[in-house]
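Structure, as structure tokens:
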Amino acid sequence: MKGKENTKKVNAKKKKKRGGSKRKLSVDQLSAYKSVSEWVFLGQSSSSSNPSSSSAVSFDDDFRVVFNPKFSDKLVFDLHSHSICSDGYLSPSKLVERAHQNGVKVLSLTDHDTMSGIPEALEAAHKFGIKIIPGVEISTIFYPRGECGTEEPVHVLAYYSSCGPARSAELEKFLANIRDGRYLRAKNMVAKLNKLKLPLKLEHVAKIAGSGVAPGRVHVARAMVEAGHAENLKQAFARYLYDGGPAYSTGSEPDVEETVQLIRETGGVAVLAHPWALKNPVAIIRRLKEAGLHGLEVYRRDGKLAAYSDLADAYDLLKVGGSDFHGRGGQSESNLGSVGLPVVAVHEFLKVARPIWCRAIQDNLEDFVRDPSGSNLEALTRLGKIKFPKGTNCSKYELIQHCLSSWLTNEERLNDEFEALKLKVTQVLIEQGWASGPVRSL
Ligand SMILES: [Zn+2]
Ligand SMILES: [Zn+2]
């Protein structure tokens, strides 16, 4: 979404030019770079793909650390993207392929109110050697309580580990309820348009959304363009579908603070999406900080937005960002990987996220040990459906192992508590006959 024109920007372009072809990294940047790259390339056996061990980082004549941009192993993160599983135009695998082509090393797929595209994205990412952070962008409503300001829709991003959310059934029910509300909302929007003498059929909107995809405003807008009621999507939004517009309707979006709490309880990192699109950002950020919000989107293709960066500092929140790529095409859309997240920002994000994810993985493993049912096993491996080469005897055991080794460092996996837990999981897998072949402890 576009921000206010008068927002101050700090553009990194000038700095880049001064450094010429070699960019000098400060000591902080170097240690952030090393730590982030270690995590990015976890579980990948080839050391050549790890820039911290290649010559991408070296020293110049004055023994200052330099990053050699000739190596394409820059750690490009894109933490916000959509596929056809919500209102994007590309399948999850095509999206991942595009991200890879654009040099993205870590992509978060954050479809609206669904994580249904994550398994396909993970499978494709495995093929291209990039990492997926399973995510979701949740549609919520902010209700002002006795404060000035108005009710308004708020999008909250949730980031999970490769093992997915803890208590995943609870989160899934929460999301399903929002998706159901979106069908009702589309119906209400179509009814409002018909009242405005703009004939449109709900079936048309549903067909554009695709089977099993909860329709959103953009699907209604596309149907309007196809029916000749608007010249383009922008016009459909500007005239009818904008927040509070003549054909606008809310669905059954949950309270934003409850949503942030649920994200925390299910082992996710909660980030406020595009705060520049809010009418009342300060009140919302203040209340969400109290509810446990972890971060704010402050980076866009055009740089860091100083006003929101200052707010993040004031409320001690992480500063992140992503392209919000939908694959619509056209110049106005930010491409995948176009948001230059500084490595220090990514490092701060991972410093907060990793203990949360580590805890969620342990919770999932504990649930499985307590109740080694197929559904709990499914919760552990659900997001790790990776096709192994033909002939590989892929057991559930290997799937879990893959999940853990691509997400947790040795340090994280070698503490006493985790060791004891892994041993129990291994025992259960053997007892249940889910471990084929020789079994080492996970
Ligand atoms: Zn959004
Ligand atoms: Zn989005």
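Chains: A, B, ... in order of the structure tokens. Residues: from 1 per chain. Ligands: from 1, in order shown.
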(message) What residues of the protein or nucleic acid chains come within 8 Å of ligand 2 when you use only C-alpha atoms and all ligand atoms? Reply as a list in words.
(response) His80, Ser81, His82, Thr110, Asp111, His112, Glu137, His155, Ala273, Asp324, Phe325 and His326 of chain A
Output for the residues just chosen: C-alpha atoms as a PDB file, in the first residue's frame:
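Below is the file that was written, again-v1.pdb:
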ATOM      1  CA  HIS A  80       5.815 -10.221   3.100  1.00  0.00           C
ATOM      2  CA  SER A  81       4.318 -11.873  -0.003  1.00  0.00           C
ATOM      3  CA  HIS A  82       1.059 -13.339  -1.338  1.00  0.00           C
ATOM      4  CA  THR A 110       2.113 -14.376   4.244  1.00  0.00           C
ATOM      5  CA  ASP A 111      -1.216 -15.026   2.554  1.00  0.00           C
ATOM      6  CA  HIS A 112      -4.312 -13.407   4.030  1.00  0.00           C
ATOM      7  CA  GLU A 137      -1.285 -11.949   7.373  1.00  0.00           C
ATOM      8  CA  HIS A 155      -3.383  -6.355   9.231  1.00  0.00           C
ATOM      9  CA  ALA A 273       1.790  -4.671   8.608  1.00  0.00           C
ATOM     10  CA  ASP A 324       3.917  -7.237  -0.047  1.00  0.00           C
ATOM     11  CA  PHE A 325       4.269  -8.719  -3.545  1.00  0.00           C
ATOM     12  CA  HIS A 326       1.063  -9.973  -5.162  1.00  0.00           C
TER      13      HIS A 326
END
Using 12 Å as the limit and counting only C-alpha atoms and all ligand atoms, can you tabulate each residue of chain A that touches ligand 1, with its shortest atom-to-atom distance in Å and the two atoms involved, as a tab-separated table?
residue	atom	partner	partner_atom_place_in_ligand_line	distance
A:Met1	CA	ligand 1	1 (Zn)	7.6
A:Lys2	CA	ligand 1	1 (Zn)	11.2
A:His80	CA	ligand 1	1 (Zn)	9.0
A:Ser81	CA	ligand 1	1 (Zn)	9.7
A:His82	CA	ligand 1	1 (Zn)	9.7
A:Ser86	CA	ligand 1	1 (Zn)	11.3
A:Asp87	CA	ligand 1	1 (Zn)	10.6
A:Gly88	CA	ligand 1	1 (Zn)	11.8
A:Thr110	CA	ligand 1	1 (Zn)	9.4
A:Asp111	CA	ligand 1	1 (Zn)	9.2
A:His112	CA	ligand 1	1 (Zn)	7.7
A:Asp113	CA	ligand 1	1 (Zn)	10.6
A:Val136	CA	ligand 1	1 (Zn)	10.3
A:Glu137	CA	ligand 1	1 (Zn)	6.8
A:Ile138	CA	ligand 1	1 (Zn)	8.2
A:Ser139	CA	ligand 1	1 (Zn)	7.8
A:Thr140	CA	ligand 1	1 (Zn)	10.3
A:Pro153	CA	ligand 1	1 (Zn)	9.6
A:Val154	CA	ligand 1	1 (Zn)	7.8
A:His155	CA	ligand 1	1 (Zn)	5.2
A:Val156	CA	ligand 1	1 (Zn)	7.7
A:Leu157	CA	ligand 1	1 (Zn)	8.4
A:Ala158	CA	ligand 1	1 (Zn)	11.9
A:Gly216	CA	ligand 1	1 (Zn)	11.4
A:Arg217	CA	ligand 1	1 (Zn)	11.6
A:Val218	CA	ligand 1	1 (Zn)	11.7
A:Val271	CA	ligand 1	1 (Zn)	11.3
A:Leu272	CA	ligand 1	1 (Zn)	9.3
A:Ala273	CA	ligand 1	1 (Zn)	6.0
A:His274	CA	ligand 1	1 (Zn)	6.6
A:Pro275	CA	ligand 1	1 (Zn)	9.4
A:Trp276	CA	ligand 1	1 (Zn)	10.9
A:Ala277	CA	ligand 1	1 (Zn)	8.9
A:Leu278	CA	ligand 1	1 (Zn)	10.7
A:Glu297	CA	ligand 1	1 (Zn)	10.8
A:Gly321	CA	ligand 1	1 (Zn)	11.8
A:Gly322	CA	ligand 1	1 (Zn)	11.0
A:Ser323	CA	ligand 1	1 (Zn)	10.8
A:Asp324	CA	ligand 1	1 (Zn)	7.5
A:Phe325	CA	ligand 1	1 (Zn)	10.4
A:His326	CA	ligand 1	1 (Zn)	10.7
Quick one: write out the picked residues with C-alpha atoms as an mmCIF file, in the first residue's frame?
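Contents of the output file part-v3.cif:
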data_model
loop_
_atom_site.group_PDB
_atom_site.id
_atom_site.type_symbol
_atom_site.label_atom_id
_atom_site.label_comp_id
_atom_site.auth_asym_id
_atom_site.auth_seq_id
_atom_site.Cartn_x
_atom_site.Cartn_y
_atom_site.Cartn_z
ATOM 1 C CA MET A 1 0.000 0.000 0.000
ATOM 2 C CA LYS A 2 1.161 3.527 -0.673
ATOM 3 C CA HIS A 80 5.815 -10.221 3.100
ATOM 4 C CA SER A 81 4.318 -11.873 -0.003
ATOM 5 C CA HIS A 82 1.059 -13.339 -1.338
ATOM 6 C CA SER A 86 -5.229 -15.523 -1.060
ATOM 7 C CA ASP A 87 -5.248 -12.558 -3.442
ATOM 8 C CA GLY A 88 -1.907 -13.017 -5.209
ATOM 9 C CA THR A 110 2.113 -14.376 4.244
ATOM 10 C CA ASP A 111 -1.216 -15.026 2.554
ATOM 11 C CA HIS A 112 -4.312 -13.407 4.030
ATOM 12 C CA ASP A 113 -5.856 -15.554 6.765
ATOM 13 C CA VAL A 136 0.179 -15.464 7.591
ATOM 14 C CA GLU A 137 -1.285 -11.949 7.373
ATOM 15 C CA ILE A 138 -4.293 -11.824 9.651
ATOM 16 C CA SER A 139 -7.220 -9.450 9.006
ATOM 17 C CA THR A 140 -8.338 -7.840 12.241
ATOM 18 C CA PRO A 153 -9.123 -2.665 9.827
ATOM 19 C CA VAL A 154 -5.586 -3.678 10.810
ATOM 20 C CA HIS A 155 -3.383 -6.355 9.231
ATOM 21 C CA VAL A 156 -1.058 -8.304 11.531
ATOM 22 C CA LEU A 157 1.715 -10.530 10.209
ATOM 23 C CA ALA A 158 2.574 -13.708 12.101
ATOM 24 C CA GLY A 216 -11.190 -10.560 -0.805
ATOM 25 C CA ARG A 217 -11.843 -7.004 -1.877
ATOM 26 C CA VAL A 218 -9.403 -7.312 -4.765
ATOM 27 C CA VAL A 271 4.369 -7.696 13.363
ATOM 28 C CA LEU A 272 2.067 -4.826 12.425
ATOM 29 C CA ALA A 273 1.790 -4.671 8.608
ATOM 30 C CA HIS A 274 2.015 -1.387 6.651
ATOM 31 C CA PRO A 275 1.334 0.984 9.588
ATOM 32 C CA TRP A 276 1.521 3.869 7.099
ATOM 33 C CA ALA A 277 -1.895 2.793 5.794
ATOM 34 C CA LEU A 278 -3.535 3.307 9.204
ATOM 35 C CA GLU A 297 6.959 -2.865 9.162
ATOM 36 C CA GLY A 321 9.506 -5.046 6.114
ATOM 37 C CA GLY A 322 8.823 -6.841 2.872
ATOM 38 C CA SER A 323 7.575 -6.216 -0.628
ATOM 39 C CA ASP A 324 3.917 -7.237 -0.047
ATOM 40 C CA PHE A 325 4.269 -8.719 -3.545
ATOM 41 C CA HIS A 326 1.063 -9.973 -5.162
#
(message) Can you tell me, as a PyMOL selection string, which residues in segment 136-368 of chain A count as alpha helix (DSSP H) by DSSP?
(response) chain A and resi 168-195+202-209+217-226+233-236+256-265+281-291+306-314+343-368
(request) Run DSSP on the backbone and give me the residues of segment 116-263 of chain A it puts in strand (DSSP E), as a PyMOL selection string. (result) chain A and resi 131-142+152-159
I need the chosen residues saved as a CSV table (one decimal), in the first residue's frame, with N, CA and C atoms.
chain,number,residue,atom,x,y,z
A,131,LYS,N,15.1,-20.5,1.8
A,131,LYS,CA,14.4,-20.8,3.1
A,131,LYS,C,13.0,-20.1,3.1
A,132,ILE,N,12.0,-20.8,3.6
A,132,ILE,CA,10.7,-20.2,3.8
A,132,ILE,C,10.4,-20.0,5.3
A,133,ILE,N,10.0,-18.8,5.7
A,133,ILE,CA,9.5,-18.6,7.0
A,133,ILE,C,7.9,-18.7,6.9
A,134,PRO,N,7.3,-19.7,7.4
A,134,PRO,CA,5.9,-19.9,7.3
A,134,PRO,C,5.2,-18.7,8.0
A,135,GLY,N,4.4,-18.0,7.2
A,135,GLY,CA,3.7,-16.8,7.8
A,135,GLY,C,2.2,-16.7,7.4
A,136,VAL,N,1.6,-15.7,7.9
A,136,VAL,CA,0.2,-15.5,7.6
A,136,VAL,C,-0.1,-14.0,7.9
A,137,GLU,N,-0.9,-13.3,7.1
A,137,GLU,CA,-1.3,-11.9,7.4
A,137,GLU,C,-2.7,-12.0,7.8
A,138,ILE,N,-3.0,-11.6,9.1
A,138,ILE,CA,-4.3,-11.8,9.7
A,138,ILE,C,-5.1,-10.5,9.6
A,139,SER,N,-6.3,-10.6,9.1
A,139,SER,CA,-7.2,-9.5,9.0
A,139,SER,C,-7.9,-9.3,10.3
A,140,THR,N,-7.7,-8.1,10.9
A,140,THR,CA,-8.3,-7.8,12.2
A,140,THR,C,-9.0,-6.5,12.3
A,141,ILE,N,-9.6,-6.2,13.4
A,141,ILE,CA,-10.2,-4.8,13.5
A,141,ILE,C,-9.7,-4.2,14.8
A,142,PHE,N,-9.4,-2.9,14.8
A,142,PHE,CA,-9.0,-2.2,16.0
A,142,PHE,C,-10.3,-1.4,16.5
A,152,GLU,N,-11.0,0.6,12.9
A,152,GLU,CA,-10.4,0.5,11.6
A,152,GLU,C,-9.8,-0.9,11.4
A,153,PRO,N,-9.8,-1.4,10.1
A,153,PRO,CA,-9.1,-2.7,9.8
A,153,PRO,C,-7.6,-2.6,10.0
A,154,VAL,N,-7.0,-3.6,10.6
A,154,VAL,CA,-5.6,-3.7,10.8
A,154,VAL,C,-5.1,-5.1,10.4
A,155,HIS,N,-4.0,-5.1,9.6
A,155,HIS,CA,-3.4,-6.4,9.2
A,155,HIS,C,-2.2,-6.7,10.1
A,156,VAL,N,-2.2,-7.9,10.7
A,156,VAL,CA,-1.1,-8.3,11.5
A,156,VAL,C,-0.4,-9.5,10.9
A,157,LEU,N,0.9,-9.4,10.8
A,157,LEU,CA,1.7,-10.5,10.2
A,157,LEU,C,2.2,-11.4,11.3
A,158,ALA,N,2.1,-12.7,11.1
A,158,ALA,CA,2.6,-13.7,12.1
A,158,ALA,C,3.6,-14.6,11.4
A,159,TYR,N,4.8,-14.8,12.1
A,159,TYR,CA,5.8,-15.6,11.5
A,159,TYR,C,6.1,-16.8,12.4
(request) Name all residues at most 9 Å from Leu288 of chain A (count only C-alpha atoms; drop same-chain ones fewer than 3 positions away) and give them as a ChimeraX atom specification. (result) /A:256-257,260,272,283-285,291-294
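Comparing A:Trp407, A:Phe174, A:Phe368, A:Phe41 by their smallest distance to Asp255 of chain A, the closest is A:Phe174 (using only C-alpha atoms).
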(message) Using only C-alpha atoms, can you tell me which of A:Leu30, A:Leu421, A:Cys85, A:Ile400 comes closest to Val213 of chain A?
(response)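 Result for the nearest residue to Val213 of chain A: A:Cys85.
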(message) Can you pull out the residues contacting Phe128 of chain A? Cut-off 9 Å, using only C-alpha atoms, and skip same-chain residues under 5 positions away; I want them as a PyMOL selection string.
(response) chain A and resi 96-97+100
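Atom CA of Val352 of chain A is positioned 22.2 Å from atom CA of Ile118 of chain A.
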(request) Fewer than 4 positions away in the same chain doesn't count, so skip those; otherwise give me all residues within 9 Å of Ser252 of chain A, counting only C-alpha atoms, as an MDAnalysis selection string. (result) chainID A and resid 140 177:182 184:185
Print the selection's residues with C-alpha atoms to a file, as an mmCIF file, in the first residue's frame.
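Output (out-v9.cif):
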data_model
loop_
_atom_site.group_PDB
_atom_site.id
_atom_site.type_symbol
_atom_site.label_atom_id
_atom_site.label_comp_id
_atom_site.auth_asym_id
_atom_site.auth_seq_id
_atom_site.Cartn_x
_atom_site.Cartn_y
_atom_site.Cartn_z
ATOM 1 C CA THR A 140 -8.338 -7.840 12.241
ATOM 2 C CA ASN A 177 -13.557 -18.240 11.074
ATOM 3 C CA ILE A 178 -12.065 -15.167 9.403
ATOM 4 C CA ARG A 179 -12.160 -16.892 5.997
ATOM 5 C CA ASP A 180 -15.836 -17.779 6.479
ATOM 6 C CA GLY A 181 -16.438 -14.120 7.269
ATOM 7 C CA ARG A 182 -14.790 -13.161 3.994
ATOM 8 C CA LEU A 184 -20.142 -13.233 3.864
ATOM 9 C CA ARG A 185 -18.312 -9.972 3.338
#
(message) Can you tell me which residues surround segment 223-230 of chain A at a distance of at most 12 Å, considering only C-alpha atoms, apart from same-chain residues fewer than 4 positions away, and format the answer as a PyMOL selection string?
(response) chain A and resi 186+189-190+193-194+196-209+215-219+234-241+247
Could you write those residues out with C-alpha atoms, as an mmCIF file, in the first residue's frame?
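Saved file selection.cif follows:
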data_model
loop_
_atom_site.group_PDB
_atom_site.id
_atom_site.type_symbol
_atom_site.label_atom_id
_atom_site.label_comp_id
_atom_site.auth_asym_id
_atom_site.auth_seq_id
_atom_site.Cartn_x
_atom_site.Cartn_y
_atom_site.Cartn_z
ATOM 1 C CA ALA A 186 -17.999 -10.560 -0.429
ATOM 2 C CA MET A 189 -20.196 -6.025 -0.990
ATOM 3 C CA VAL A 190 -21.863 -7.510 -4.075
ATOM 4 C CA LEU A 193 -22.928 -2.778 -5.553
ATOM 5 C CA ASN A 194 -26.185 -4.165 -6.919
ATOM 6 C CA LEU A 196 -25.847 1.084 -6.518
ATOM 7 C CA LYS A 197 -27.126 -0.242 -9.855
ATOM 8 C CA LEU A 198 -23.873 -2.021 -10.655
ATOM 9 C CA PRO A 199 -24.979 -5.577 -11.412
ATOM 10 C CA LEU A 200 -22.461 -8.192 -10.269
ATOM 11 C CA LYS A 201 -22.780 -11.855 -9.334
ATOM 12 C CA LEU A 202 -21.184 -13.458 -6.304
ATOM 13 C CA GLU A 203 -20.364 -16.490 -8.494
ATOM 14 C CA HIS A 204 -18.253 -14.241 -10.706
ATOM 15 C CA VAL A 205 -16.239 -13.048 -7.671
ATOM 16 C CA ALA A 206 -15.880 -16.620 -6.367
ATOM 17 C CA LYS A 207 -14.666 -17.784 -9.786
ATOM 18 C CA ILE A 208 -11.969 -15.105 -9.847
ATOM 19 C CA ALA A 209 -10.848 -16.001 -6.321
ATOM 20 C CA PRO A 215 -12.661 -13.952 -1.661
ATOM 21 C CA GLY A 216 -11.190 -10.560 -0.805
ATOM 22 C CA ARG A 217 -11.843 -7.004 -1.877
ATOM 23 C CA VAL A 218 -9.403 -7.312 -4.765
ATOM 24 C CA HIS A 219 -11.427 -10.207 -6.206
ATOM 25 C CA LYS A 234 -7.467 1.445 -8.514
ATOM 26 C CA GLN A 235 -10.682 3.065 -9.694
ATOM 27 C CA ALA A 236 -12.828 0.285 -8.208
ATOM 28 C CA PHE A 237 -11.158 0.876 -4.836
ATOM 29 C CA ALA A 238 -11.130 4.675 -5.069
ATOM 30 C CA ARG A 239 -14.842 4.897 -5.920
ATOM 31 C CA TYR A 240 -16.504 1.992 -4.149
ATOM 32 C CA LEU A 241 -14.365 -0.409 -2.137
ATOM 33 C CA ALA A 247 -19.632 -0.824 -1.295
#
(request) Measuring atom to atom with only C-alpha atoms, identify which of A:Asn376, A:Gln362, A:Gly164, A:Pro144 is nearest to Glu419 of chain A. (result)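 Nearest candidate to Glu419 of chain A out of A:Asn376, A:Gln362, A:Gly164, A:Pro144: A:Gln362.
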